[in-house]
$ cat structure14.pdb   # PDB, C-alpha atoms and all ligand atoms
ATOM      1  CA  MET A   1       4.532   0.419  23.137
ATOM      2  CA  THR A   2       4.318  -1.838  20.158
ATOM      3  CA  ARG A   3       1.823  -4.601  19.639
ATOM      4  CA  LEU A   4       4.628  -7.016  20.249
ATOM      5  CA  GLU A   5       5.687  -5.526  23.543
ATOM      6  CA  LYS A   6       2.126  -5.608  24.755
ATOM      7  CA  LYS A   7       1.901  -9.252  23.883
ATOM      8  CA  MET A   8       5.081 -10.295  25.572
ATOM      9  CA  THR A   9       4.880 -11.396  29.144
ATOM     10  CA  GLY A  10       6.901 -12.989  31.863
ATOM     11  CA  ILE A  11      10.351 -12.046  32.919
ATOM     12  CA  ASN A  12      11.022 -10.761  29.438
ATOM     13  CA  THR A  13       8.840  -7.698  29.356
ATOM     14  CA  ARG A  14       7.294  -6.624  32.588
ATOM     15  CA  ILE A  15      10.154  -4.213  32.856
ATOM     16  CA  ASN A  16      10.029  -1.382  35.299
ATOM     17  CA  ASN A  17       9.327   1.787  33.352
ATOM     18  CA  LYS A  18      10.564   3.793  36.296
ATOM     19  CA  ILE A  19      14.185   2.984  35.580
ATOM     20  CA  PRO A  20      15.738   6.245  34.439
ATOM     21  CA  VAL A  21      15.784   6.333  30.698
ATOM     22  CA  ASP A  22      19.465   7.024  30.466
ATOM     23  CA  ARG A  23      20.140   3.892  32.449
ATOM     24  CA  MET A  24      17.867   1.484  30.690
ATOM     25  CA  TYR A  25      17.439   0.587  27.076
ATOM     26  CA  SER A  26      14.094  -0.948  26.474
ATOM     27  CA  ASP A  27      11.971   1.469  24.570
ATOM     28  CA  VAL A  28      11.258   0.742  20.972
ATOM     29  CA  ASN A  29      13.296   2.127  18.197
ATOM     30  CA  GLY A  30      13.315   1.104  14.615
ATOM     31  CA  LYS A  31      12.876  -2.563  13.928
ATOM     32  CA  ASN A  32      10.218  -3.845  16.175
ATOM     33  CA  LYS A  33       8.390  -6.341  14.071
ATOM     34  CA  LEU A  34       9.011  -9.943  14.876
ATOM     35  CA  ASP A  35       9.542 -11.673  11.597
ATOM     36  CA  SER A  36      10.206 -15.309  11.685
ATOM     37  CA  ASN A  37      13.836 -16.073  12.557
ATOM     38  CA  GLN A  38      14.807 -12.440  12.379
ATOM     39  CA  GLU A  39      16.483 -10.641  15.197
ATOM     40  CA  SER A  40      14.841  -7.435  16.316
ATOM     41  CA  GLU A  41      16.208  -4.885  18.703
ATOM     42  CA  ILE A  42      14.446  -2.918  21.374
ATOM     43  CA  TYR A  43      16.118   0.013  23.033
ATOM     44  CA  THR A  44      14.806   2.527  25.425
ATOM     45  CA  ASN A  45      16.792   5.531  24.775
ATOM     46  CA  LYS A  46      16.894   6.377  21.137
ATOM     47  CA  SER A  47      19.922   8.559  21.549
ATOM     48  CA  LYS A  48      21.885   5.624  22.891
ATOM     49  CA  VAL A  49      21.104   3.260  20.103
ATOM     50  CA  ASN A  50      24.134   3.861  18.011
ATOM     51  CA  SER A  51      26.656   4.216  20.737
ATOM     52  CA  THR A  52      25.523   1.602  23.195
ATOM     53  CA  SER A  53      23.851  -1.064  21.155
ATOM     54  CA  ILE A  54      26.813  -1.682  18.956
ATOM     55  CA  GLY A  55      29.076  -2.208  21.915
ATOM     56  CA  GLU A  56      26.523  -4.442  23.567
ATOM     57  CA  LYS A  57      26.150  -6.549  20.491
ATOM     58  CA  THR A  58      29.731  -7.633  20.798
ATOM     59  CA  HIS A  59      29.050  -9.518  24.037
ATOM     60  CA  ASN A  60      30.624 -12.863  23.499
ATOM     61  CA  LYS A  61      28.750 -15.580  25.364
ATOM     62  CA  ALA A  62      31.819 -17.792  25.459
ATOM     63  CA  LYS A  63      33.390 -15.413  27.950
ATOM     64  CA  TYR A  64      30.434 -15.715  30.306
ATOM     65  CA  ARG A  65      30.005 -18.362  32.976
ATOM     66  CA  ARG A  66      26.586 -20.003  33.159
ATOM     67  CA  CYS A  67      24.614 -19.686  36.409
ATOM     68  CA  ALA A  68      21.278 -20.958  37.644
ATOM     69  CA  PRO A  69      18.329 -18.606  36.989
ATOM     70  CA  TYR A  70      18.245 -15.602  39.328
ATOM     71  CA  THR A  71      21.814 -16.026  40.545
ATOM     72  CA  ILE A  72      23.016 -12.823  38.933
ATOM     73  CA  PHE A  73      19.693 -11.376  37.877
ATOM     74  CA  SER A  74      18.769 -11.219  41.597
ATOM     75  CA  SER A  75      20.803  -8.023  41.872
ATOM     76  CA  LEU A  76      18.753  -6.352  39.141
ATOM     77  CA  TYR A  77      15.391  -8.026  39.756
ATOM     78  CA  ASP A  78      13.736  -5.474  42.056
ATOM     79  CA  VAL A  79      14.696  -2.435  40.088
ATOM     80  CA  ALA A  80      14.150  -4.001  36.676
ATOM     81  CA  MET A  81      10.760  -5.577  37.339
ATOM     82  CA  GLY A  82       9.947  -6.663  40.897
ATOM     83  CA  GLU A  83       8.940  -3.180  42.001
ATOM     84  CA  ALA A  84       6.961  -2.580  38.817
ATOM     85  CA  VAL A  85       4.711  -5.623  39.188
ATOM     86  CA  LEU A  86       4.278  -5.564  42.966
ATOM     87  CA  PRO A  87       1.362  -3.062  43.090
ATOM     88  CA  SER A  88      -0.673  -5.206  40.672
ATOM     89  CA  ILE A  89       0.065  -8.352  42.676
ATOM     90  CA  ILE A  90      -0.926  -6.659  45.932
ATOM     91  CA  ASP A  91      -4.116  -5.250  44.368
ATOM     92  CA  ALA A  92      -5.165  -8.628  43.008
ATOM     93  CA  PHE A  93      -4.519 -10.309  46.360
ATOM     94  CA  SER A  94      -6.367  -7.722  48.427
ATOM     95  CA  ARG A  95      -9.311  -7.703  45.982
ATOM     96  CA  SER A  96      -9.656 -11.445  46.464
ATOM     97  CA  LEU A  97      -9.307 -11.243  50.242
ATOM     98  CA  LYS A  98     -12.182  -8.794  50.294
ATOM     99  CA  LYS A  99     -14.290 -10.621  47.762
ATOM    100  CA  HIS A 100     -14.082 -13.995  49.505
ATOM    101  CA  GLN A 101     -13.800 -12.566  53.034
ATOM    102  CA  PHE A 102     -10.920 -14.811  53.937
ATOM    103  CA  SER A 103      -9.493 -14.685  57.385
ATOM    104  CA  ILE A 104      -5.813 -15.482  57.035
ATOM    105  CA  THR A 105      -3.163 -15.392  59.712
ATOM    106  CA  SER A 106      -0.500 -17.747  58.366
ATOM    107  CA  ILE A 107       0.905 -17.498  54.843
ATOM    108  CA  ALA A 108       3.667 -19.107  52.833
ATOM    109  CA  ASP A 109       4.781 -17.138  49.794
ATOM    110  CA  VAL A 110       6.368 -19.751  47.537
ATOM    111  CA  GLY A 111       8.728 -18.616  44.816
ATOM    112  CA  CYS A 112       8.961 -15.559  47.064
ATOM    113  CA  GLY A 113      11.869 -14.056  45.131
ATOM    114  CA  THR A 114      13.229 -10.946  46.802
ATOM    115  CA  GLY A 115      10.516 -10.940  49.459
ATOM    116  CA  ARG A 116       8.751  -7.671  48.716
ATOM    117  CA  PHE A 117       5.306  -9.251  48.682
ATOM    118  CA  LEU A 118       6.098 -10.859  52.060
ATOM    119  CA  ARG A 119       6.704  -7.434  53.479
ATOM    120  CA  TYR A 120       3.179  -6.474  52.440
ATOM    121  CA  LEU A 121       1.720  -9.771  53.718
ATOM    122  CA  SER A 122       3.268  -9.178  57.139
ATOM    123  CA  ARG A 123       0.664  -6.452  57.795
ATOM    124  CA  ASN A 124      -2.071  -9.024  58.318
ATOM    125  CA  SER A 125      -0.367 -12.329  59.059
ATOM    126  CA  THR A 126       1.403 -13.430  62.163
ATOM    127  CA  VAL A 127       3.119 -16.486  60.672
ATOM    128  CA  LEU A 128       5.056 -16.000  57.473
ATOM    129  CA  TYR A 129       7.188 -18.315  55.362
ATOM    130  CA  GLY A 130       9.203 -17.316  52.334
ATOM    131  CA  VAL A 131      10.225 -20.191  50.077
ATOM    132  CA  ASP A 132      12.453 -20.096  47.018
ATOM    133  CA  ASN A 133      14.992 -22.362  45.374
ATOM    134  CA  SER A 134      17.377 -19.507  44.569
ATOM    135  CA  PRO A 135      19.872 -18.716  47.353
ATOM    136  CA  SER A 136      20.608 -15.343  45.747
ATOM    137  CA  MET A 137      16.945 -14.315  45.710
ATOM    138  CA  LEU A 138      16.556 -15.486  49.313
ATOM    139  CA  LYS A 139      19.527 -13.390  50.342
ATOM    140  CA  ARG A 140      17.817 -10.330  48.866
ATOM    141  CA  ALA A 141      14.558 -11.348  50.540
ATOM    142  CA  VAL A 142      16.217 -11.453  53.942
ATOM    143  CA  ALA A 143      17.527  -7.917  53.392
ATOM    144  CA  ASN A 144      14.184  -6.649  52.025
ATOM    145  CA  THR A 145      12.240  -7.977  55.015
ATOM    146  CA  ALA A 146      14.546  -6.668  57.727
ATOM    147  CA  GLY A 147      12.517  -6.144  60.892
ATOM    148  CA  VAL A 148       9.770  -8.534  59.750
ATOM    149  CA  ASP A 149       9.481 -11.998  61.249
ATOM    150  CA  VAL A 150       9.755 -14.339  58.248
ATOM    151  CA  ASN A 151      10.944 -17.913  58.234
ATOM    152  CA  PHE A 152      12.828 -18.438  54.962
ATOM    153  CA  LEU A 153      13.274 -21.857  53.418
ATOM    154  CA  GLU A 154      15.383 -22.806  50.429
ATOM    155  CA  GLN A 155      13.187 -25.395  48.736
ATOM    156  CA  ASP A 156      11.766 -26.382  45.405
ATOM    157  CA  ILE A 157       8.053 -25.610  45.406
ATOM    158  CA  ARG A 158       7.359 -29.150  44.161
ATOM    159  CA  GLN A 159       8.877 -30.541  47.354
ATOM    160  CA  LEU A 160       7.469 -27.974  49.702
ATOM    161  CA  VAL A 161       7.668 -28.938  53.384
ATOM    162  CA  LEU A 162       6.633 -26.223  55.820
ATOM    163  CA  PRO A 163       7.166 -26.600  59.572
ATOM    164  CA  ASP A 164       3.389 -26.115  60.044
ATOM    165  CA  GLU A 165       0.329 -26.047  57.845
ATOM    166  CA  VAL A 166      -0.779 -22.568  56.783
ATOM    167  CA  ASP A 167      -4.066 -20.819  55.973
ATOM    168  CA  CYS A 168      -2.818 -19.551  52.638
ATOM    169  CA  ILE A 169      -0.144 -20.168  50.012
ATOM    170  CA  THR A 170       0.684 -17.444  47.506
ATOM    171  CA  CYS A 171       2.723 -18.063  44.364
ATOM    172  CA  THR A 172       3.049 -14.866  42.381
ATOM    173  CA  PHE A 173       4.475 -13.326  39.244
ATOM    174  CA  ASP A 174       4.437 -16.290  36.936
ATOM    175  CA  THR A 175       6.457 -18.604  39.175
ATOM    176  CA  ILE A 176       4.422 -21.619  38.036
ATOM    177  CA  ASN A 177       5.418 -20.799  34.456
ATOM    178  CA  TYR A 178       8.847 -22.130  35.395
ATOM    179  CA  LEU A 179       7.258 -25.577  35.738
ATOM    180  CA  PRO A 180       7.646 -27.248  32.366
ATOM    181  CA  ASN A 181       4.447 -29.286  32.084
ATOM    182  CA  ARG A 182       1.185 -30.453  33.585
ATOM    183  CA  CYS A 183       2.851 -33.230  35.530
ATOM    184  CA  GLU A 184       5.189 -30.776  37.307
ATOM    185  CA  LEU A 185       2.267 -28.405  37.914
ATOM    186  CA  LYS A 186       0.445 -31.250  39.640
ATOM    187  CA  ARG A 187       3.500 -32.071  41.728
ATOM    188  CA  ALA A 188       3.604 -28.471  42.935
ATOM    189  CA  PHE A 189      -0.151 -28.333  43.630
ATOM    190  CA  GLN A 190       0.052 -31.624  45.558
ATOM    191  CA  ALA A 191       2.864 -30.184  47.647
ATOM    192  CA  PHE A 192       0.789 -27.030  48.268
ATOM    193  CA  ALA A 193      -2.170 -29.197  49.347
ATOM    194  CA  ARG A 194      -0.004 -31.119  51.833
ATOM    195  CA  ASN A 195       1.019 -27.852  53.489
ATOM    196  CA  LEU A 196      -2.361 -26.106  53.666
ATOM    197  CA  LYS A 197      -4.838 -26.398  56.489
ATOM    198  CA  PRO A 198      -8.176 -27.974  55.525
ATOM    199  CA  GLY A 199     -10.070 -25.298  53.593
ATOM    200  CA  GLY A 200      -6.812 -23.387  53.066
ATOM    201  CA  VAL A 201      -6.484 -20.972  50.176
ATOM    202  CA  LEU A 202      -4.098 -20.877  47.230
ATOM    203  CA  VAL A 203      -3.547 -17.629  45.333
ATOM    204  CA  LEU A 204      -1.406 -17.683  42.219
ATOM    205  CA  ASP A 205      -0.923 -15.956  38.903
ATOM    206  CA  TYR A 206       0.448 -17.161  35.605
ATOM    207  CA  ILE A 207       0.852 -16.548  31.881
ATOM    208  CA  PRO A 208      -1.618 -18.537  29.819
ATOM    209  CA  GLU A 209      -0.377 -17.296  26.453
ATOM    210  CA  GLY A 210       2.682 -15.130  25.848
ATOM    211  CA  ALA A 211       2.345 -14.703  22.094
ATOM    212  CA  SER A 212       0.216 -16.082  19.343
ATOM    213  CA  GLU A 213       1.224 -18.166  16.368
ATOM    214  CA  GLY A 214       3.177 -16.113  13.869
ATOM    215  CA  GLU A 215       4.724 -13.993  16.577
ATOM    216  CA  THR A 216       7.751 -16.163  16.760
ATOM    217  CA  GLY A 217      11.243 -14.756  16.708
ATOM    218  CA  ILE A 218      14.068 -13.326  18.708
ATOM    219  CA  LEU A 219      14.342  -9.963  20.407
ATOM    220  CA  ARG A 220      17.151  -8.272  22.193
ATOM    221  CA  GLN A 221      16.895  -5.859  25.013
ATOM    222  CA  PHE A 222      19.575  -4.019  26.926
ATOM    223  CA  VAL A 223      19.132  -3.058  30.528
ATOM    224  CA  LYS A 224      21.680  -0.966  32.385
ATOM    225  CA  TRP A 225      21.645  -0.128  36.023
ATOM    226  CA  LYS A 226      24.516   1.402  37.972
ATOM    227  CA  SER A 227      27.542  -0.812  37.450
ATOM    228  CA  MET A 228      25.525  -3.554  35.774
ATOM    229  CA  SER A 229      24.964  -3.987  32.117
ATOM    230  CA  SER A 230      22.806  -6.782  30.788
ATOM    231  CA  GLN A 231      21.852  -8.064  27.412
ATOM    232  CA  TRP A 232      18.639 -10.044  27.047
ATOM    233  CA  ARG A 233      17.970 -12.436  24.221
ATOM    234  CA  ILE A 234      14.292 -13.250  24.155
ATOM    235  CA  GLU A 235      12.970 -16.160  22.149
ATOM    236  CA  LEU A 236       9.225 -16.600  21.865
ATOM    237  CA  ASP A 237       7.917 -19.964  20.818
ATOM    238  CA  PRO A 238       4.121 -19.855  20.546
ATOM    239  CA  LYS A 239       4.002 -23.363  19.047
ATOM    240  CA  GLY A 240       5.989 -24.806  21.923
ATOM    241  CA  ARG A 241       3.980 -22.479  24.202
ATOM    242  CA  GLY A 242       6.871 -20.847  25.982
ATOM    243  CA  SER A 243       9.742 -18.437  26.062
ATOM    244  CA  ARG A 244      13.450 -18.680  26.602
ATOM    245  CA  VAL A 245      15.292 -15.636  27.876
ATOM    246  CA  THR A 246      19.059 -15.590  28.054
ATOM    247  CA  ILE A 247      20.415 -12.808  30.232
ATOM    248  CA  LEU A 248      24.088 -11.944  29.908
ATOM    249  CA  MET A 249      25.287  -9.706  32.700
ATOM    250  CA  ARG A 250      28.456  -7.753  33.144
ATOM    251  CA  GLN A 251      29.220  -6.107  36.420
ATOM    252  CA  LYS A 252      32.120  -3.989  37.583
ATOM    253  CA  ARG A 253      33.660  -5.417  40.708
ATOM    254  CA  ARG A 254      35.068  -3.401  43.595
ATOM    255  CA  ASP A 255      38.567  -4.626  42.734
ATOM    256  CA  GLY A 256      38.228  -2.991  39.316
ATOM    257  CA  GLY A 257      37.664  -6.234  37.446
ATOM    258  CA  THR A 258      34.521  -7.258  35.600
ATOM    259  CA  SER A 259      32.319 -10.266  36.398
ATOM    260  CA  ARG A 260      30.572 -11.880  33.477
ATOM    261  CA  ALA A 261      27.854 -14.466  33.792
ATOM    262  CA  TYR A 262      24.685 -15.552  32.038
ATOM    263  CA  GLU A 263      21.542 -17.370  32.934
ATOM    264  CA  VAL A 264      18.722 -18.925  30.950
ATOM    265  CA  HIS A 265      15.089 -18.582  31.960
ATOM    266  CA  GLU A 266      12.679 -21.037  30.367
ATOM    267  CA  GLN A 267       8.998 -20.512  30.950
ATOM    268  CA  ARG A 268       6.002 -22.497  29.694
ATOM    269  CA  TRP A 269       2.647 -20.887  29.064
ATOM    270  CA  HIS A 270       0.008 -23.014  30.749
ATOM    271  CA  ALA A 271      -3.468 -23.130  29.222
ATOM    272  CA  PRO A 272      -6.183 -22.223  31.763
ATOM    273  CA  ASP A 273      -7.768 -25.680  31.361
ATOM    274  CA  THR A 274      -4.466 -27.303  32.252
ATOM    275  CA  VAL A 275      -4.075 -25.226  35.408
ATOM    276  CA  ASP A 276      -7.717 -25.619  36.457
ATOM    277  CA  ASN A 277      -7.712 -29.388  35.888
ATOM    278  CA  ALA A 278      -4.411 -29.847  37.689
ATOM    279  CA  LEU A 279      -5.804 -27.903  40.649
ATOM    280  CA  GLN A 280      -9.057 -29.853  40.725
ATOM    281  CA  GLU A 281      -7.240 -33.172  40.417
ATOM    282  CA  THR A 282      -5.123 -32.290  43.428
ATOM    283  CA  GLY A 283      -8.121 -31.490  45.610
ATOM    284  CA  PHE A 284      -8.671 -27.772  45.018
ATOM    285  CA  GLU A 285     -11.951 -26.083  44.320
ATOM    286  CA  MET A 286     -11.710 -23.119  41.948
ATOM    287  CA  LEU A 287     -13.040 -19.933  43.518
ATOM    288  CA  GLU A 288     -11.892 -17.349  41.029
ATOM    289  CA  THR A 289     -10.050 -16.811  37.771
ATOM    290  CA  SER A 290      -9.613 -13.181  36.816
ATOM    291  CA  THR A 291      -6.941 -10.972  35.317
ATOM    292  CA  VAL A 292      -4.259  -9.703  37.681
ATOM    293  CA  GLU A 293      -4.946  -6.157  36.578
ATOM    294  CA  PRO A 294      -8.643  -5.236  36.674
ATOM    295  CA  ASN A 295      -9.772  -4.787  33.083
ATOM    296  CA  GLY A 296      -6.268  -5.894  32.205
ATOM    297  CA  LYS A 297      -5.119  -8.163  29.451
ATOM    298  CA  ASN A 298      -5.922 -11.815  29.811
ATOM    299  CA  ASN A 299      -2.302 -12.768  29.334
ATOM    300  CA  TRP A 300      -1.737 -12.570  33.088
ATOM    301  CA  LEU A 301      -4.267 -14.575  35.077
ATOM    302  CA  HIS A 302      -4.999 -14.524  38.791
ATOM    303  CA  VAL A 303      -6.385 -17.676  40.378
ATOM    304  CA  VAL A 304      -7.870 -18.327  43.788
ATOM    305  CA  ALA A 305      -8.576 -21.905  44.834
ATOM    306  CA  ARG A 306      -9.538 -23.565  48.083
ATOM    307  CA  LEU A 307      -8.335 -26.919  49.328
ATOM    308  CA  MET A 308     -11.352 -29.100  49.803
ATOM    309  CA  PRO A 309     -11.253 -30.417  53.370
ATOM    310  CA  MET A 310     -11.768 -34.081  52.494
ATOM    311  CA  THR A 311      -8.689 -34.231  50.277
ATOM    312  CA  HIS A 312      -6.429 -32.838  52.903
ATOM    313  CA  GLY A 313      -3.481 -34.981  54.014
TER     314      GLY A 313
HETATM  315  C1  LIG B 401       9.448 -14.197  38.502
HETATM  316  S1  LIG B 401      10.130 -14.515  40.078
HETATM  317  C2  LIG B 401       8.758 -14.063  41.125
HETATM  318  C3  LIG B 401       9.244 -13.636  42.487
HETATM  319  C4  LIG B 401       8.153 -13.101  43.407
HETATM  320  N1  LIG B 401       7.096 -14.059  43.612
HETATM  321  C5  LIG B 401       7.582 -11.796  42.893
HETATM  322  O1  LIG B 401       6.349 -11.689  42.794
HETATM  323  O2  LIG B 401       8.351 -10.863  42.621
HETATM  324  C6  LIG B 401      10.083 -16.277  40.164
HETATM  325  C7  LIG B 401      10.694 -16.800  41.449
HETATM  326  O3  LIG B 401      10.386 -18.177  41.564
HETATM  327  C8  LIG B 401      11.538 -18.893  41.938
HETATM  328  N2  LIG B 401      11.365 -20.266  41.434
HETATM  329  C9  LIG B 401      11.229 -20.664  40.153
HETATM  330  N3  LIG B 401      11.040 -21.996  40.095
HETATM  331  C10 LIG B 401      11.057 -22.429  41.372
HETATM  332  C11 LIG B 401      10.921 -23.710  41.965
HETATM  333  N4  LIG B 401      10.715 -24.819  41.215
HETATM  334  N5  LIG B 401      10.994 -23.818  43.311
HETATM  335  C12 LIG B 401      11.209 -22.706  44.081
HETATM  336  N6  LIG B 401      11.331 -21.474  43.574
HETATM  337  C13 LIG B 401      11.257 -21.334  42.231
HETATM  338  C14 LIG B 401      12.689 -18.145  41.326
HETATM  339  O4  LIG B 401      13.902 -18.397  41.982
HETATM  340  C15 LIG B 401      12.213 -16.701  41.486
HETATM  341  O5  LIG B 401      12.633 -16.160  42.708
END
$ encode --input "structure14.pdb" --output "structure tokens"
Amino acid sequence: MTRLEKKMTGINTRINNKIPVDRMYSDVNGKNKLDSNQESEIYTNKSKVNSTSIGEKTHNKAKYRRCAPYTIFSSLYDVAMGEAVLPSIIDAFSRSLKKHQFSITSIADVGCGTGRFLRYLSRNSTVLYGVDNSPSMLKRAVANTAGVDVNFLEQDIRQLVLPDEVDCITCTFDTINYLPNRCELKRAFQAFARNLKPGGVLVLDYIPEGASEGETGILRQFVKWKSMSSQWRIELDPKGRGSRVTILMRQKRRDGGTSRAYEVHEQRWHAPDTVDNALQETGFEMLETSTVEPNGKNNWLHVVARLMPMTHG
């Protein structure tokens, strides 16, 4: 791994290293320094570089239809990254449960994505909600939680309305980095507060800093899986504190044709002070800020906060 890869976070780089090498192109070969305004290429399988990358480079965005984030990527999400990050998310959650000795029986996982964390949460909770604003991710979540009693809701986390208040809200794998600023963070935290029981717990993780100044530039990454081929254009903007990832996907259809679509993922890196203040201003008491991975890098933070009873409602 290069210094740059280590630095990069979010949907751009937490790629599942278990994808067979001949199916995925994300290892480093050749140019891997991010010089200002220069395009760099990352490939996994060195032997494929010449044959595959050249073909991939000819993707013409004009031929692709634009979709909302996770519409098409939902079909690749689990295998490309969801499965890779899940163990760390589960570890961080269970460490905190133990540390704070929470007793939790009702949980809403907001920004639940494909529902794999919900499956884990179902071991200890009797009431479960899965909330996401992407119909495609929710569809996957329903399939991934077959046999588990989960109430799924298609909602924006900033307008969260659960049928009943819960003991705990989880919001994992950088979902709050999709909120563009402090004001939208506060809107989400206020909505969480309205749906938690007094003293309820919020567990979330986020990217505080995805790259430092000077590490600006554009990278490309190619990910292939079965009949899907995707090209990722990753723009890091440390000054603007965020990243923009454009994913172009091509998929062979059953009728022999090819579907082409692209989506743009914009994430903001929230400074810890911003997150902490927004939480405190919306009635939460900070219980813990740690790294998601024990002894891990501090570019992926895990937060536990409790809703102070008097601010409830
Ligand atoms: C990086 S994925 C994380 C999914 C899941 N939590 C996990 O750990 O794998 C981010 C998820 O948040 C959802 N999301 C992003 N912004 C949202 C919003 N404002 N309201 C609801 N869901 C949102 C996306 O659709 C996506 O499923």
$ atom_distance --input "structure14.pdb" --atom1 "CA of Asp237 (chain A)" --atom2 "CA of Lys297 (chain A)"
19.6 Å
$ axis_aligned_box --input "structure14.pdb" --around "ligand LIG 401 (chain B)" --padding-each-side "5 Å" --output "JSON"
{"center_x": 10.1, "center_y": -17.8, "center_z": 41.3, "size_x": 17.6, "size_y": 24.0, "size_z": 15.6}
$ residues_near_ligand --input "structure14.pdb" --ligand "ligand LIG 401 (chain B)" --cutoff "8 Å" --atoms "only C-alpha atoms and all ligand atoms" --output "PyMOL selection string"
chain A and resi 10-11+69-70+74+78+81-83+85-86+89+109-117+131-134+137-138+154-158+171-176+178-179
$ resolve_selection --input "structure14.pdb" --expression "the PyMOL selection byres (((chain A and resi 225-232) around 6) and not hetatm)" --output "tab-separated table (two decimals) with C-alpha atoms, keeping the file's coordinate frame"
chain	number	residue	atom	x	y	z
A	23	ARG	CA	20.14	3.89	32.45
A	220	ARG	CA	17.15	-8.27	22.19
A	221	GLN	CA	16.90	-5.86	25.01
A	222	PHE	CA	19.58	-4.02	26.93
A	223	VAL	CA	19.13	-3.06	30.53
A	224	LYS	CA	21.68	-0.97	32.38
A	233	ARG	CA	17.97	-12.44	24.22
A	246	THR	CA	19.06	-15.59	28.05
A	247	ILE	CA	20.42	-12.81	30.23
A	248	LEU	CA	24.09	-11.94	29.91
A	249	MET	CA	25.29	-9.71	32.70
A	250	ARG	CA	28.46	-7.75	33.14
A	251	GLN	CA	29.22	-6.11	36.42
A	252	LYS	CA	32.12	-3.99	37.58
$ atom_distance --input "structure14.pdb" --atom1 "CA of Leu219 (chain A)" --atom2 "CA of His265 (chain A)"
14.4 Å
$ residues_around --input "structure14.pdb" --residues "Thr145 (chain A)" --least-positions-apart "3" --cutoff "7 Å" --atoms "only C-alpha atoms" --output "list in words"
Gly115, Arg119, Ala141, Val142 and Val148 of chain A
$ resolve_selection --input "structure14.pdb" --expression "the PyMOL selection byres (((chain A and resi 293) around 12) and not hetatm)" --output "ChimeraX atom specification"
/A:85-93,95,205,289-292,294-302
$ atom_distance --input "structure14.pdb" --atom1 "CA of Asp167 (chain A)" --atom2 "CA of Ile104 (chain A)"
5.7 Å
$ closest_residue --input "structure14.pdb" --among "A:Gln190, A:Ser75, A:Thr105, A:Ser212" --to "Phe284 (chain A)" --atoms "all atoms listed in the file"
A:Gln190
$ residues_around --input "structure14.pdb" --residues "region 106-108 of chain A" --least-positions-apart "6" --cutoff "12 Å" --atoms "only C-alpha atoms" --output "number ranges by chain"
A: 115, 117-132, 149-153, 157, 160-172, 192, 195-197, 200-204
$ resolve_selection --input "structure14.pdb" --expression "the PyMOL selection byres (((chain A and resi 269-276) around 8) and not hetatm)" --output "VMD selection string"
chain A and resid 177 181 to 182 185 206 to 210 241 to 242 267 to 268 277 to 280 286
$ build_atoms --input "structure14.pdb" --residues "region 134-145 of chain A" --atoms "N, CA and C atoms" --output "mmCIF file, keeping the file's coordinate frame"
data_model
loop_
_atom_site.group_PDB
_atom_site.id
_atom_site.type_symbol
_atom_site.label_atom_id
_atom_site.label_comp_id
_atom_site.auth_asym_id
_atom_site.auth_seq_id
_atom_site.Cartn_x
_atom_site.Cartn_y
_atom_site.Cartn_z
ATOM 1 N N SER A 134 16.185 -20.272 44.942
ATOM 2 C CA SER A 134 17.377 -19.507 44.569
ATOM 3 C C SER A 134 18.017 -18.868 45.807
ATOM 4 N N PRO A 135 19.211 -19.311 46.180
ATOM 5 C CA PRO A 135 19.872 -18.716 47.353
ATOM 6 C C PRO A 135 20.087 -17.213 47.174
ATOM 7 N N SER A 136 20.356 -16.773 45.960
ATOM 8 C CA SER A 136 20.608 -15.343 45.747
ATOM 9 C C SER A 136 19.344 -14.521 45.968
ATOM 10 N N MET A 137 18.206 -15.039 45.499
ATOM 11 C CA MET A 137 16.945 -14.315 45.710
ATOM 12 C C MET A 137 16.613 -14.307 47.198
ATOM 13 N N LEU A 138 16.857 -15.425 47.873
ATOM 14 C CA LEU A 138 16.556 -15.486 49.313
ATOM 15 C C LEU A 138 17.408 -14.492 50.095
ATOM 16 N N LYS A 139 18.653 -14.351 49.665
ATOM 17 C CA LYS A 139 19.527 -13.390 50.342
ATOM 18 C C LYS A 139 18.945 -11.980 50.244
ATOM 19 N N ARG A 140 18.462 -11.645 49.048
ATOM 20 C CA ARG A 140 17.817 -10.330 48.866
ATOM 21 C C ARG A 140 16.559 -10.237 49.726
ATOM 22 N N ALA A 141 15.816 -11.349 49.780
ATOM 23 C CA ALA A 141 14.558 -11.348 50.540
ATOM 24 C C ALA A 141 14.824 -11.085 52.020
ATOM 25 N N VAL A 142 15.878 -11.665 52.533
ATOM 26 C CA VAL A 142 16.217 -11.453 53.942
ATOM 27 C C VAL A 142 16.478 -9.956 54.161
ATOM 28 N N ALA A 143 17.227 -9.351 53.259
ATOM 29 C CA ALA A 143 17.527 -7.917 53.392
ATOM 30 C C ALA A 143 16.252 -7.072 53.240
ATOM 31 N N ASN A 144 15.399 -7.440 52.280
ATOM 32 C CA ASN A 144 14.184 -6.649 52.025
ATOM 33 C C ASN A 144 13.139 -6.763 53.123
ATOM 34 N N THR A 145 13.255 -7.801 53.964
ATOM 35 C CA THR A 145 12.240 -7.977 55.015
ATOM 36 C C THR A 145 12.852 -7.733 56.401
#
